[in-house]
>>> print(open('coords33.pdb').read())   # PDB, C-alpha atoms and all ligand atoms
MODEL        1
ATOM      1  CA  MET A   1      16.660  14.956  -3.608  1.00  0.00           C
ATOM      2  CA  GLU A   2      16.010  14.533  -7.347  1.00  0.00           C
ATOM      3  CA  ASN A   3      19.795  14.133  -7.772  1.00  0.00           C
ATOM      4  CA  ASP A   4      19.477  10.803  -5.942  1.00  0.00           C
ATOM      5  CA  ILE A   5      17.173   9.321  -8.598  1.00  0.00           C
ATOM      6  CA  ALA A   6      18.668   6.779 -11.014  1.00  0.00           C
ATOM      7  CA  ARG A   7      15.498   6.390 -13.080  1.00  0.00           C
ATOM      8  CA  VAL A   8      11.761   6.838 -12.914  1.00  0.00           C
ATOM      9  CA  LEU A   9       9.899   3.525 -12.911  1.00  0.00           C
ATOM     10  CA  VAL A  10       6.292   4.815 -12.946  1.00  0.00           C
ATOM     11  CA  THR A  11       5.523   8.401 -13.929  1.00  0.00           C
ATOM     12  CA  ASN A  12       2.974  10.636 -12.208  1.00  0.00           C
ATOM     13  CA  GLU A  13       0.735  10.463 -15.290  1.00  0.00           C
ATOM     14  CA  GLU A  14       0.841   6.653 -15.271  1.00  0.00           C
ATOM     15  CA  LEU A  15       0.061   6.609 -11.549  1.00  0.00           C
ATOM     16  CA  LYS A  16      -2.908   8.945 -11.880  1.00  0.00           C
ATOM     17  CA  SER A  17      -4.502   7.109 -14.782  1.00  0.00           C
ATOM     18  CA  ARG A  18      -4.004   3.650 -13.227  1.00  0.00           C
ATOM     19  CA  ILE A  19      -5.443   4.846  -9.895  1.00  0.00           C
ATOM     20  CA  ALA A  20      -8.509   6.141 -11.752  1.00  0.00           C
ATOM     21  CA  GLU A  21      -8.933   2.687 -13.324  1.00  0.00           C
ATOM     22  CA  LEU A  22      -8.611   0.973  -9.943  1.00  0.00           C
ATOM     23  CA  GLY A  23     -11.177   3.368  -8.474  1.00  0.00           C
ATOM     24  CA  ALA A  24     -13.638   2.604 -11.262  1.00  0.00           C
ATOM     25  CA  GLU A  25     -13.174  -1.142 -10.787  1.00  0.00           C
ATOM     26  CA  ILE A  26     -13.663  -0.885  -7.023  1.00  0.00           C
ATOM     27  CA  THR A  27     -16.723   1.341  -7.539  1.00  0.00           C
ATOM     28  CA  ARG A  28     -18.308  -1.379  -9.686  1.00  0.00           C
ATOM     29  CA  ASP A  29     -17.379  -4.230  -7.336  1.00  0.00           C
ATOM     30  CA  TYR A  30     -18.598  -2.593  -4.114  1.00  0.00           C
ATOM     31  CA  ALA A  31     -21.799  -0.970  -5.394  1.00  0.00           C
ATOM     32  CA  GLY A  32     -24.444  -1.091  -2.658  1.00  0.00           C
ATOM     33  CA  LYS A  33     -21.988  -2.234   0.018  1.00  0.00           C
ATOM     34  CA  GLU A  34     -20.654  -0.560   3.120  1.00  0.00           C
ATOM     35  CA  LEU A  35     -16.962  -0.050   2.430  1.00  0.00           C
ATOM     36  CA  LEU A  36     -14.168   0.739   4.886  1.00  0.00           C
ATOM     37  CA  VAL A  37     -10.882   1.654   3.204  1.00  0.00           C
ATOM     38  CA  LEU A  38      -8.053   0.905   5.604  1.00  0.00           C
ATOM     39  CA  GLY A  39      -4.769   2.608   4.760  1.00  0.00           C
ATOM     40  CA  ILE A  40      -1.500   1.255   6.137  1.00  0.00           C
ATOM     41  CA  LEU A  41       0.640   4.109   7.441  1.00  0.00           C
ATOM     42  CA  LYS A  42       2.716   5.652   6.306  1.00  0.00           C
ATOM     43  CA  GLY A  43       3.463   4.419   2.806  1.00  0.00           C
ATOM     44  CA  ALA A  44      -0.149   4.060   1.609  1.00  0.00           C
ATOM     45  CA  VAL A  45      -1.205   7.624   2.426  1.00  0.00           C
ATOM     46  CA  LEU A  46      -0.553   9.235  -0.957  1.00  0.00           C
ATOM     47  CA  PHE A  47      -2.005   6.350  -2.968  1.00  0.00           C
ATOM     48  CA  MET A  48      -5.043   6.110  -0.709  1.00  0.00           C
ATOM     49  CA  ALA A  49      -5.744   9.846  -0.855  1.00  0.00           C
ATOM     50  CA  ASP A  50      -5.893   9.663  -4.634  1.00  0.00           C
ATOM     51  CA  LEU A  51      -7.730   6.331  -4.732  1.00  0.00           C
ATOM     52  CA  VAL A  52     -10.673   7.258  -2.481  1.00  0.00           C
ATOM     53  CA  ARG A  53     -11.393  10.268  -4.698  1.00  0.00           C
ATOM     54  CA  GLU A  54     -11.802   7.831  -7.604  1.00  0.00           C
ATOM     55  CA  ILE A  55     -14.217   5.553  -5.731  1.00  0.00           C
ATOM     56  CA  ARG A  56     -17.685   6.954  -6.373  1.00  0.00           C
ATOM     57  CA  LEU A  57     -19.421   5.317  -3.419  1.00  0.00           C
ATOM     58  CA  PRO A  58     -20.207   6.350   0.122  1.00  0.00           C
ATOM     59  CA  LEU A  59     -17.326   5.006   2.210  1.00  0.00           C
ATOM     60  CA  THR A  60     -15.390   5.555   5.391  1.00  0.00           C
ATOM     61  CA  PHE A  61     -11.657   5.329   5.841  1.00  0.00           C
ATOM     62  CA  ASP A  62      -9.289   4.728   8.700  1.00  0.00           C
ATOM     63  CA  PHE A  63      -5.616   3.970   9.175  1.00  0.00           C
ATOM     64  CA  LEU A  64      -3.506   1.230  10.685  1.00  0.00           C
ATOM     65  CA  ALA A  65       0.092   1.839  11.620  1.00  0.00           C
ATOM     66  CA  VAL A  66       2.377  -1.175  11.608  1.00  0.00           C
ATOM     67  CA  SER A  67       6.093  -1.488  11.867  1.00  0.00           C
ATOM     68  CA  SER A  68       8.239  -4.056  10.122  1.00  0.00           C
ATOM     69  CA  TYR A  69      11.097  -2.427   8.223  1.00  0.00           C
ATOM     70  CA  GLY A  70      12.582   0.443  10.170  1.00  0.00           C
ATOM     71  CA  ALA A  71      15.421   2.097   8.313  1.00  0.00           C
ATOM     72  CA  SER A  72      16.499  -1.097   6.571  1.00  0.00           C
ATOM     73  CA  THR A  73      15.836  -1.946   2.921  1.00  0.00           C
ATOM     74  CA  SER A  74      14.938  -5.544   3.775  1.00  0.00           C
ATOM     75  CA  SER A  75      12.134  -6.920   5.900  1.00  0.00           C
ATOM     76  CA  SER A  76      12.793  -8.099   9.410  1.00  0.00           C
ATOM     77  CA  GLY A  77       9.582 -10.116   9.246  1.00  0.00           C
ATOM     78  CA  VAL A  78       8.452  -8.647  12.550  1.00  0.00           C
ATOM     79  CA  VAL A  79       5.048  -6.926  12.377  1.00  0.00           C
ATOM     80  CA  ARG A  80       3.679  -4.808  15.217  1.00  0.00           C
ATOM     81  CA  ILE A  81       0.446  -2.789  15.293  1.00  0.00           C
ATOM     82  CA  LEU A  82       1.359   0.720  16.451  1.00  0.00           C
ATOM     83  CA  LYS A  83      -2.069   2.282  15.786  1.00  0.00           C
ATOM     84  CA  ASP A  84      -5.253   0.267  15.420  1.00  0.00           C
ATOM     85  CA  VAL A  85      -8.630   0.844  13.726  1.00  0.00           C
ATOM     86  CA  GLU A  86     -10.822   3.135  15.794  1.00  0.00           C
ATOM     87  CA  ARG A  87     -14.113   1.249  15.427  1.00  0.00           C
ATOM     88  CA  SER A  88     -15.359  -2.323  15.328  1.00  0.00           C
ATOM     89  CA  VAL A  89     -15.072  -3.864  11.871  1.00  0.00           C
ATOM     90  CA  GLU A  90     -17.655  -6.578  12.497  1.00  0.00           C
ATOM     91  CA  GLY A  91     -19.860  -7.027   9.435  1.00  0.00           C
ATOM     92  CA  VAL A  92     -17.863  -4.477   7.447  1.00  0.00           C
ATOM     93  CA  HIS A  93     -16.339  -4.863   3.974  1.00  0.00           C
ATOM     94  CA  ILE A  94     -12.675  -3.984   4.549  1.00  0.00           C
ATOM     95  CA  LEU A  95     -10.446  -2.892   1.686  1.00  0.00           C
ATOM     96  CA  ILE A  96      -6.829  -2.699   2.849  1.00  0.00           C
ATOM     97  CA  ALA A  97      -4.878  -0.074   0.910  1.00  0.00           C
ATOM     98  CA  GLU A  98      -1.114  -0.577   0.592  1.00  0.00           C
ATOM     99  CA  ASP A  99       1.607   1.146  -1.387  1.00  0.00           C
ATOM    100  CA  ILE A 100       3.547  -2.069  -2.011  1.00  0.00           C
ATOM    101  CA  VAL A 101       3.401  -5.802  -1.390  1.00  0.00           C
ATOM    102  CA  ASP A 102       6.953  -7.044  -1.089  1.00  0.00           C
ATOM    103  CA  THR A 103       7.621 -10.166   1.027  1.00  0.00           C
ATOM    104  CA  GLY A 104       3.896 -10.233   1.866  1.00  0.00           C
ATOM    105  CA  LEU A 105       4.616 -10.550   5.592  1.00  0.00           C
ATOM    106  CA  THR A 106       2.857  -7.301   6.536  1.00  0.00           C
ATOM    107  CA  LEU A 107      -0.310  -8.171   4.630  1.00  0.00           C
ATOM    108  CA  LYS A 108      -0.454 -11.786   5.730  1.00  0.00           C
ATOM    109  CA  TYR A 109      -0.291 -10.668   9.337  1.00  0.00           C
ATOM    110  CA  LEU A 110      -2.877  -7.914   8.863  1.00  0.00           C
ATOM    111  CA  LYS A 111      -5.355 -10.084   6.984  1.00  0.00           C
ATOM    112  CA  GLU A 112      -5.218 -12.761   9.672  1.00  0.00           C
ATOM    113  CA  ASN A 113      -5.521 -10.170  12.416  1.00  0.00           C
ATOM    114  CA  LEU A 114      -8.517  -8.460  10.777  1.00  0.00           C
ATOM    115  CA  TYR A 115     -10.330 -11.723   9.925  1.00  0.00           C
ATOM    116  CA  ARG A 116     -10.431 -12.550  13.626  1.00  0.00           C
ATOM    117  CA  ARG A 117     -12.657  -9.483  14.126  1.00  0.00           C
ATOM    118  CA  HIS A 118     -15.472 -10.961  11.955  1.00  0.00           C
ATOM    119  CA  PRO A 119     -15.609  -8.489   9.080  1.00  0.00           C
ATOM    120  CA  GLU A 120     -17.937  -9.259   6.146  1.00  0.00           C
ATOM    121  CA  SER A 121     -14.931  -9.398   3.795  1.00  0.00           C
ATOM    122  CA  VAL A 122     -11.263  -8.406   3.585  1.00  0.00           C
ATOM    123  CA  LYS A 123      -9.688  -7.475   0.256  1.00  0.00           C
ATOM    124  CA  VAL A 124      -6.430  -5.767  -0.650  1.00  0.00           C
ATOM    125  CA  VAL A 125      -5.629  -2.989  -3.084  1.00  0.00           C
ATOM    126  CA  THR A 126      -1.968  -2.186  -3.631  1.00  0.00           C
ATOM    127  CA  LEU A 127      -0.348   0.371  -5.875  1.00  0.00           C
ATOM    128  CA  LEU A 128       2.723  -1.802  -6.479  1.00  0.00           C
ATOM    129  CA  ASP A 129       3.283  -5.538  -6.383  1.00  0.00           C
ATOM    130  CA  LYS A 130       6.771  -7.037  -6.274  1.00  0.00           C
ATOM    131  CA  PRO A 131       6.012 -10.785  -6.582  1.00  0.00           C
ATOM    132  CA  GLY A 132       9.699 -11.674  -7.001  1.00  0.00           C
ATOM    133  CA  ARG A 133      10.317 -10.968  -3.317  1.00  0.00           C
ATOM    134  CA  ARG A 134       7.407 -12.908  -1.820  1.00  0.00           C
ATOM    135  CA  LYS A 135       8.144 -15.002   1.302  1.00  0.00           C
ATOM    136  CA  VAL A 136       4.513 -15.892   2.069  1.00  0.00           C
ATOM    137  CA  GLU A 137       1.654 -16.333  -0.370  1.00  0.00           C
ATOM    138  CA  VAL A 138      -0.471 -13.185  -0.554  1.00  0.00           C
ATOM    139  CA  VAL A 139      -2.211 -12.125  -3.765  1.00  0.00           C
ATOM    140  CA  PRO A 140      -3.587  -8.579  -3.876  1.00  0.00           C
ATOM    141  CA  ASP A 141      -7.175  -8.385  -5.141  1.00  0.00           C
ATOM    142  CA  TYR A 142      -6.397  -5.142  -6.970  1.00  0.00           C
ATOM    143  CA  ASN A 143      -2.936  -4.113  -8.126  1.00  0.00           C
ATOM    144  CA  GLY A 144      -1.701  -1.003  -9.895  1.00  0.00           C
ATOM    145  CA  PHE A 145       1.642  -2.151 -11.259  1.00  0.00           C
ATOM    146  CA  VAL A 146       3.800  -5.269 -11.080  1.00  0.00           C
ATOM    147  CA  ILE A 147       7.390  -4.124 -10.589  1.00  0.00           C
ATOM    148  CA  PRO A 148      10.772  -5.879 -10.748  1.00  0.00           C
ATOM    149  CA  ASP A 149      12.856  -6.737  -7.694  1.00  0.00           C
ATOM    150  CA  GLU A 150      14.446  -3.317  -7.198  1.00  0.00           C
ATOM    151  CA  PHE A 151      14.220  -1.017  -4.197  1.00  0.00           C
ATOM    152  CA  VAL A 152      11.859   1.815  -5.112  1.00  0.00           C
ATOM    153  CA  VAL A 153      10.924   5.122  -3.507  1.00  0.00           C
ATOM    154  CA  GLY A 154       8.421   7.885  -4.104  1.00  0.00           C
ATOM    155  CA  PHE A 155       4.634   8.351  -4.035  1.00  0.00           C
ATOM    156  CA  GLY A 156       4.616   7.308  -0.369  1.00  0.00           C
ATOM    157  CA  LEU A 157       7.519   4.853  -0.455  1.00  0.00           C
ATOM    158  CA  ASP A 158      10.566   5.787   1.578  1.00  0.00           C
ATOM    159  CA  PHE A 159      14.199   5.031   2.157  1.00  0.00           C
ATOM    160  CA  GLY A 160      15.014   5.993   5.740  1.00  0.00           C
ATOM    161  CA  GLU A 161      11.746   8.035   5.810  1.00  0.00           C
ATOM    162  CA  LYS A 162      12.893  10.198   2.883  1.00  0.00           C
ATOM    163  CA  TYR A 163      11.626  10.482  -0.716  1.00  0.00           C
ATOM    164  CA  ARG A 164       7.946   9.806   0.155  1.00  0.00           C
ATOM    165  CA  ASN A 165       6.896  13.107  -1.437  1.00  0.00           C
ATOM    166  CA  LEU A 166       8.305  12.365  -4.895  1.00  0.00           C
ATOM    167  CA  PRO A 167       5.329  12.506  -7.308  1.00  0.00           C
ATOM    168  CA  TYR A 168       6.527   9.351  -9.141  1.00  0.00           C
ATOM    169  CA  VAL A 169       7.972   5.926  -8.303  1.00  0.00           C
ATOM    170  CA  ALA A 170      11.716   5.722  -8.859  1.00  0.00           C
ATOM    171  CA  VAL A 171      14.895   3.713  -8.329  1.00  0.00           C
ATOM    172  CA  LEU A 172      17.625   5.379  -6.263  1.00  0.00           C
ATOM    173  CA  LYS A 173      21.253   5.751  -7.302  1.00  0.00           C
ATOM    174  CA  PRO A 174      23.578   3.519  -5.246  1.00  0.00           C
ATOM    175  CA  SER A 175      25.201   6.701  -3.867  1.00  0.00           C
ATOM    176  CA  ALA A 176      21.886   7.643  -2.197  1.00  0.00           C
ATOM    177  CA  TYR A 177      22.274   4.674   0.162  1.00  0.00           C
ATOM    178  CA  GLU A 178      25.590   5.935   1.471  1.00  0.00           C
ATOM    179  CA  VAL A 179      24.835   7.901   4.620  1.00  0.00           C
TER
HETATM  180  C1  LIG B 201       6.562  -1.068   3.677  1.00  0.00           C
HETATM  181  C2  LIG B 201       5.461  -0.911   2.660  1.00  0.00           C
HETATM  182  C3  LIG B 201       4.481  -1.989   3.055  1.00  0.00           C
HETATM  183  C4  LIG B 201       5.374  -3.100   3.554  1.00  0.00           C
HETATM  184  C5  LIG B 201       5.572  -4.118   2.478  1.00  0.00           C
HETATM  185  O1  LIG B 201       6.175  -0.396   4.859  1.00  0.00           O
HETATM  186  O2  LIG B 201       4.856   0.367   2.790  1.00  0.00           O
HETATM  187  O3  LIG B 201       3.635  -1.563   4.083  1.00  0.00           O
HETATM  188  O4  LIG B 201       6.636  -2.471   3.892  1.00  0.00           O
HETATM  189  O5  LIG B 201       6.553  -5.049   2.849  1.00  0.00           O
HETATM  190  P1  LIG B 201       6.309  -6.608   3.040  1.00  0.00           P
HETATM  191  O6  LIG B 201       5.394  -7.085   1.952  1.00  0.00           O
HETATM  192  O7  LIG B 201       7.699  -7.175   2.900  1.00  0.00           O
HETATM  193  O8  LIG B 201       5.746  -6.825   4.396  1.00  0.00           O
HETATM  194  P2  LIG B 201       7.224   0.015   5.986  1.00  0.00           P
HETATM  195  O9  LIG B 201       7.264  -1.047   7.019  1.00  0.00           O
HETATM  196  O10 LIG B 201       8.508   0.406   5.342  1.00  0.00           O
HETATM  197  O11 LIG B 201       6.546   1.282   6.670  1.00  0.00           O
HETATM  198  P3  LIG B 201       6.136   2.649   5.960  1.00  0.00           P
HETATM  199  O12 LIG B 201       4.909   2.363   5.153  1.00  0.00           O
HETATM  200  O13 LIG B 201       5.863   3.582   7.090  1.00  0.00           O
HETATM  201  O14 LIG B 201       7.301   3.073   5.112  1.00  0.00           O
HETATM  202 MN    MN B 202       4.026   0.507   4.674  1.00  0.00          MN
HETATM  203 MG    MG B 203       9.055   2.094   4.713  1.00  0.00          MG
ENDMDL
END
>>> encode(input="coords33.pdb", output="structure tokens", more="lines below")
Ligand code: PRP
Ligand code: MN
Ligand code: MG
Amino acid sequence: MENDIARVLVTNEELKSRIAELGAEITRDYAGKELLVLGILKGAVLFMADLVREIRLPLTFDFLAVSSYGASTSSSGVVRILKDVERSVEGVHILIAEDIVDTGLTLKYLKENLYRRHPESVKVVTLLDKPGRRKVEVVPDYNGFVIPDEFVVGFGLDFGEKYRNLPYVAVLKPSAYEV
């Protein structure tokens, strides 16, 4: 698996320290509020697990599963909810947790969908932002790292469901794409 890596883009140490900073910022911003952290399966799981431990507030979390990419490296633009939130989000401060904002299509759809349920607020925290690929305007409220327009894997991000467990964010060798 590590043989498939061309280069590491964000190290584990950089990830951990940036996630701690994001947690501190979110802790300040949501003090005294009822916070629901909503992780988008599956990519956001590793980031979210680390992030919630850096948010020093009482909170709840839940997960949404959506599908847009499949095994492809480019977005089809089609978003489907495969698993929804378990409770009503009316009056709740929702913080969507994502691993990456790429075209923005997933987030645009989710924000619109969630707003229709009358939450108190909807904000977005993403570990990675790739603004060079945006197709629709979505600006994350909190972002870990801005990255260039390269396909990345690791720390939750996959290629064909593989590489999610890498403890860093990396660029694959071209040979890794050949199945
Ligand atoms: C990826 C990524 C984001 C989304 C970003 O998820 O985890 O959720 O695509 O792309 P966009 O900004 O172009 O919409 P994917 O659909 O690959 O599912 P996964 O999280 O299960 O890997
Ligand atoms: Mn995802
Ligand atoms: Mg994926």
>>> residues_around(input="coords33.pdb", residues="range 128-144 of chain A", least_positions_apart="6", cutoff="10 Å", atoms="only C-alpha atoms", output="MDAnalysis selection string")
chainID A and resid 10 14:15 17:19 21:23 25:26 77 95:108 111 122 150:152 169
>>> residues_near_ligand(input="coords33.pdb", ligand="ligand MN 202 (chain B)", cutoff="6 Å", atoms="only C-alpha atoms and all ligand atoms", output="list in words")
Ile40, Leu41, Lys42 and Gly43 of chain A
>>> closest_residue(input="coords33.pdb", among="A:Val66, A:Ile55, A:Ile147, A:Ala176", to="ligand MG 203 (chain B)", atoms="all atoms listed in the file")
A:Val66
>>> atom_distance(input="coords33.pdb", atom1="atom O5 of ligand LIG 201 (chain B)", atom2="CA of Arg53 in chain A")
24.8 Å
>>> resolve_selection(input="coords33.pdb", expression="the PyMOL selection byres (((chain A and resi 4) around 10) and not hetatm)", output="PyMOL selection string")
chain A and resi 1-3+5-7+163+170-177
>>> atom_distance(input="coords33.pdb", atom1="CA of Leu35 in chain A", atom2="CA of Asn165 in chain A")
27.5 Å
>>> closest_residue(input="coords33.pdb", among="A:Leu157, A:Ile81, A:Met48, A:Ala31", to="ligand LIG 201 (chain B)", atoms="only C-alpha atoms and all ligand atoms")
A:Leu157
